[in-house]
Amino acid sequence: MLRGARIDAADLTAADLTAADLTAVSLTHTNLRNTRITEQTRLDPKWRLVWSLIHMPGSVDSLAGVDLRDANLSGAMLAGFDLQGADLRNTLLDGADLSNANLARAQLQQAKLDDQTRIAPKWRQVWEIVNTVDREQQLAGVDLADAWLAGAYLRSADLRGAVLQRAVLRDADLRYARLDNADLRDAELHHAALQEGSLAGADLRGADLTLADLRLVDLRGAVLDDRTVIAPAQRLIHELVNDGAAGRDLRGARLAWANLIGVDFTGADLSDADLRNADLRGAELTDAILTNADLAGAQLPDGYP
């Protein structure tokens, strides 16, 4: 009976666990290669999945969003797998084959890769970024679309013209970063207090966002200061999503393509405001004045006429 035990980093190669009770057992970095496990083995679903990936990868349809944190997948054949959004933190991937795997928004912090790990250059670069500390990074023009960069150290990084569409940048240190002309459409810079780790918004103090594409970026919790170079319209959007808009005079405000989800506009005057393609889902528009406001393409709250 091993229920609830910790056998982290153990070598269970060729062990016969046919009748073992491994319920709630911690198998962090445990080697399960050639281990005998059957339907009679009592094993948490996560570790049974890890065992299956090592021995029968063809039996697994998708790994999207799966928790594989702390697993020992050294040498595993994961080529072509959908690992979108998978948690691979502290996972052993040395010698693994991840060629053509979809690693969009996969978490790679502290994952172990080596020269034998087969992985697309883009995702190896993402791995290097999130595991680099205290070093300025030269990333001008790089494609980091869909990368999980939450908490990444990117202070003073050269990200001019970088593609960061849909990238997760919560809690990233982007102080003094060069983000001019970067593509940040739909990037997640926002506060994530309700998510694991209570991550804060991206720190953009002193960052240069000149001509950056910030369409539909969620700026809740993002940290700006007087040194942050950002368009006046985007600074206003940041102010509205963080401080609210109830009762405000926003006549003629330029809010096209703004992410305004859940913002309270109660009693605000939005006459002649440009709200084209803005995302207003969940926003409160009670008594708001929208005379001549341009709402073409805007996503409106449920029930709004």
# chains A, B, ... in the order shown; residues from 1 in each chain; ligands from 1
$ select_by_dssp --residues "range 145-237 of chain A" --states "alpha helix (DSSP H)" --output "PyMOL selection string"
chain A and resi 232-237
$ write_last_selection --atoms "C-alpha atoms" --output "PDB file, in the first residue's frame"
ATOM      1  CA  PRO A 232      -3.605  58.863 -25.617  1.00  0.00           C
ATOM      2  CA  ALA A 233      -6.557  56.697 -26.665  1.00  0.00           C
ATOM      3  CA  GLN A 234      -4.907  53.601 -25.174  1.00  0.00           C
ATOM      4  CA  ARG A 235      -4.033  55.438 -21.976  1.00  0.00           C
ATOM      5  CA  LEU A 236      -7.695  56.427 -21.692  1.00  0.00           C
ATOM      6  CA  ILE A 237      -8.777  52.819 -22.214  1.00  0.00           C
TER       7      ILE A 237
END
$ residues_around --residues "Leu159 in chain A" --least-positions-apart "6" --cutoff "7 Å" --atoms "only C-alpha atoms" --output "list in words"
Leu139, Ala140, Gly141, Ala177, Arg178, Leu179 and Ala182 of chain A
$ residues_around --residues "Asp203 in chain A" --least-positions-apart "4" --cutoff "9 Å" --atoms "only C-alpha atoms" --output "list of chain:residue names"
A:Arg170, A:Asp171, A:Ala172, A:Asp173, A:Leu174, A:Arg175, A:Leu189, A:Ala207, A:Gly221, A:Ala222, A:Val223, A:Leu224
$ write_last_selection --atoms "C-alpha atoms" --output "PDB file, in the first residue's frame"
ATOM      1  CA  ARG A 170       0.439  38.531 -17.179  1.00  0.00           C
ATOM      2  CA  ASP A 171       2.961  39.454 -14.491  1.00  0.00           C
ATOM      3  CA  ALA A 172       5.681  39.917 -17.144  1.00  0.00           C
ATOM      4  CA  ASP A 173       8.379  42.459 -16.328  1.00  0.00           C
ATOM      5  CA  LEU A 174       8.334  44.714 -19.404  1.00  0.00           C
ATOM      6  CA  ARG A 175       9.781  47.798 -17.768  1.00  0.00           C
ATOM      7  CA  LEU A 189      -1.697  41.942 -20.209  1.00  0.00           C
ATOM      8  CA  ALA A 207       7.986  50.886 -21.887  1.00  0.00           C
ATOM      9  CA  GLY A 221      -4.182  45.619 -13.952  1.00  0.00           C
ATOM     10  CA  ALA A 222      -1.428  46.499 -16.423  1.00  0.00           C
ATOM     11  CA  VAL A 223       0.994  48.929 -14.780  1.00  0.00           C
ATOM     12  CA  LEU A 224       1.724  52.167 -16.632  1.00  0.00           C
TER      13      LEU A 224
END
$ atom_distance --atom1 "CA of Asp67 in chain A" --atom2 "CA of Leu32 in chain A"
17.1 Å
$ residues_around --residues "Val168 in chain A" --least-positions-apart "4" --cutoff "9 Å" --atoms "only C-alpha atoms" --output "list in words"
Arg105, Asp146, Ala147, Trp148, Leu149, Ala150, Leu164, Ala172, Ala187, Glu188, Leu189 and His190 of chain A
$ residues_around --residues "Phe81 in chain A" --least-positions-apart "2" --cutoff "10 Å" --atoms "only C-alpha atoms" --output "short mmCIF file (atom, residue, chain, number, x, y, z; two decimals) with C-alpha atoms, in the first residue's frame"
data_model
loop_
_atom_site.label_atom_id
_atom_site.label_comp_id
_atom_site.auth_asym_id
_atom_site.auth_seq_id
_atom_site.Cartn_x
_atom_site.Cartn_y
_atom_site.Cartn_z
CA PRO A 57 1.28 7.55 -27.21
CA GLY A 58 -1.05 6.53 -30.03
CA VAL A 60 -3.93 9.56 -26.48
CA ASP A 61 -6.04 11.84 -28.67
CA SER A 62 -5.17 15.29 -27.35
CA LEU A 63 -3.19 16.92 -24.59
CA ALA A 64 -4.71 20.39 -24.91
CA MET A 77 7.31 10.56 -28.48
CA LEU A 78 5.04 13.61 -28.56
CA ALA A 79 5.49 14.60 -32.19
CA LEU A 83 -0.33 20.52 -26.34
CA GLN A 84 -2.11 23.84 -26.60
CA ASP A 97 10.26 14.42 -29.62
CA LEU A 98 8.01 17.49 -29.75
CA SER A 99 8.41 18.12 -33.45
CA ASN A 100 5.27 19.65 -35.01
CA ALA A 101 3.59 19.72 -31.59
CA ASN A 102 1.18 22.60 -30.97
CA LEU A 103 2.61 24.38 -27.93
#
$ residues_around --residues "Asp225 in chain A" --least-positions-apart "6" --cutoff "8 Å" --atoms "only C-alpha atoms" --output "PyMOL selection string"
chain A and resi 204-206
$ atom_distance --atom1 "CA of Asn181 in chain A" --atom2 "CA of Leu211 in chain A"
4.9 Å
$ residues_around --residues "range 277-283 of chain A" --least-positions-apart "4" --cutoff "7 Å" --atoms "only C-alpha atoms" --output "PDB file with N, CA and C atoms, in the first residue's frame"
ATOM      1  N   LEU A 255     -12.515  55.110 -28.825  1.00  0.00           N
ATOM      2  CA  LEU A 255     -12.478  53.819 -28.143  1.00  0.00           C
ATOM      3  C   LEU A 255     -12.658  52.663 -29.118  1.00  0.00           C
ATOM      4  N   ALA A 256     -12.321  52.901 -30.380  1.00  0.00           N
ATOM      5  CA  ALA A 256     -12.437  51.824 -31.375  1.00  0.00           C
ATOM      6  C   ALA A 256     -11.500  50.679 -31.025  1.00  0.00           C
ATOM      7  N   TRP A 257     -11.978  49.463 -31.184  1.00  0.00           N
ATOM      8  CA  TRP A 257     -11.211  48.238 -30.935  1.00  0.00           C
ATOM      9  C   TRP A 257     -10.765  48.121 -29.470  1.00  0.00           C
ATOM     10  N   ALA A 258     -11.448  48.818 -28.575  1.00  0.00           N
ATOM     11  CA  ALA A 258     -11.076  48.749 -27.160  1.00  0.00           C
ATOM     12  C   ALA A 258     -11.688  47.521 -26.499  1.00  0.00           C
ATOM     13  N   ASN A 259     -10.921  46.904 -25.615  1.00  0.00           N
ATOM     14  CA  ASN A 259     -11.448  45.829 -24.785  1.00  0.00           C
ATOM     15  C   ASN A 259     -12.030  46.483 -23.537  1.00  0.00           C
ATOM     16  N   LEU A 260     -13.351  46.574 -23.498  1.00  0.00           N
ATOM     17  CA  LEU A 260     -14.062  47.254 -22.409  1.00  0.00           C
ATOM     18  C   LEU A 260     -14.997  46.284 -21.696  1.00  0.00           C
ATOM     19  N   ILE A 261     -14.623  45.033 -21.700  1.00  0.00           N
ATOM     20  CA  ILE A 261     -15.456  44.001 -21.088  1.00  0.00           C
ATOM     21  C   ILE A 261     -15.701  44.323 -19.610  1.00  0.00           C
ATOM     22  N   GLY A 262     -16.977  44.368 -19.239  1.00  0.00           N
ATOM     23  CA  GLY A 262     -17.344  44.537 -17.836  1.00  0.00           C
ATOM     24  C   GLY A 262     -17.191  45.934 -17.269  1.00  0.00           C
ATOM     25  N   VAL A 263     -16.847  46.923 -18.090  1.00  0.00           N
ATOM     26  CA  VAL A 263     -16.656  48.282 -17.575  1.00  0.00           C
ATOM     27  C   VAL A 263     -18.007  48.902 -17.223  1.00  0.00           C
ATOM     28  N   ASP A 264     -18.044  49.626 -16.114  1.00  0.00           N
ATOM     29  CA  ASP A 264     -19.278  50.286 -15.661  1.00  0.00           C
ATOM     30  C   ASP A 264     -19.362  51.684 -16.266  1.00  0.00           C
ATOM     31  N   ALA A 296     -20.557  50.454 -34.784  1.00  0.00           N
ATOM     32  CA  ALA A 296     -20.436  49.464 -35.859  1.00  0.00           C
ATOM     33  C   ALA A 296     -19.441  48.379 -35.470  1.00  0.00           C
ATOM     34  N   GLY A 297     -19.900  47.131 -35.549  1.00  0.00           N
ATOM     35  CA  GLY A 297     -19.032  45.996 -35.265  1.00  0.00           C
ATOM     36  C   GLY A 297     -18.772  45.753 -33.803  1.00  0.00           C
ATOM     37  N   ALA A 298     -19.344  46.573 -32.917  1.00  0.00           N
ATOM     38  CA  ALA A 298     -19.098  46.415 -31.475  1.00  0.00           C
ATOM     39  C   ALA A 298     -19.831  45.192 -30.933  1.00  0.00           C
ATOM     40  N   GLN A 299     -19.230  44.530 -29.949  1.00  0.00           N
ATOM     41  CA  GLN A 299     -19.886  43.429 -29.237  1.00  0.00           C
ATOM     42  C   GLN A 299     -20.550  44.042 -28.004  1.00  0.00           C
ATOM     43  N   LEU A 300     -21.878  43.947 -27.957  1.00  0.00           N
ATOM     44  CA  LEU A 300     -22.650  44.639 -26.926  1.00  0.00           C
ATOM     45  C   LEU A 300     -23.072  43.709 -25.808  1.00  0.00           C
ATOM     46  N   PRO A 301     -23.434  44.260 -24.640  1.00  0.00           N
ATOM     47  CA  PRO A 301     -23.899  43.417 -23.535  1.00  0.00           C
ATOM     48  C   PRO A 301     -25.148  42.646 -23.925  1.00  0.00           C
TER      49      PRO A 301
END
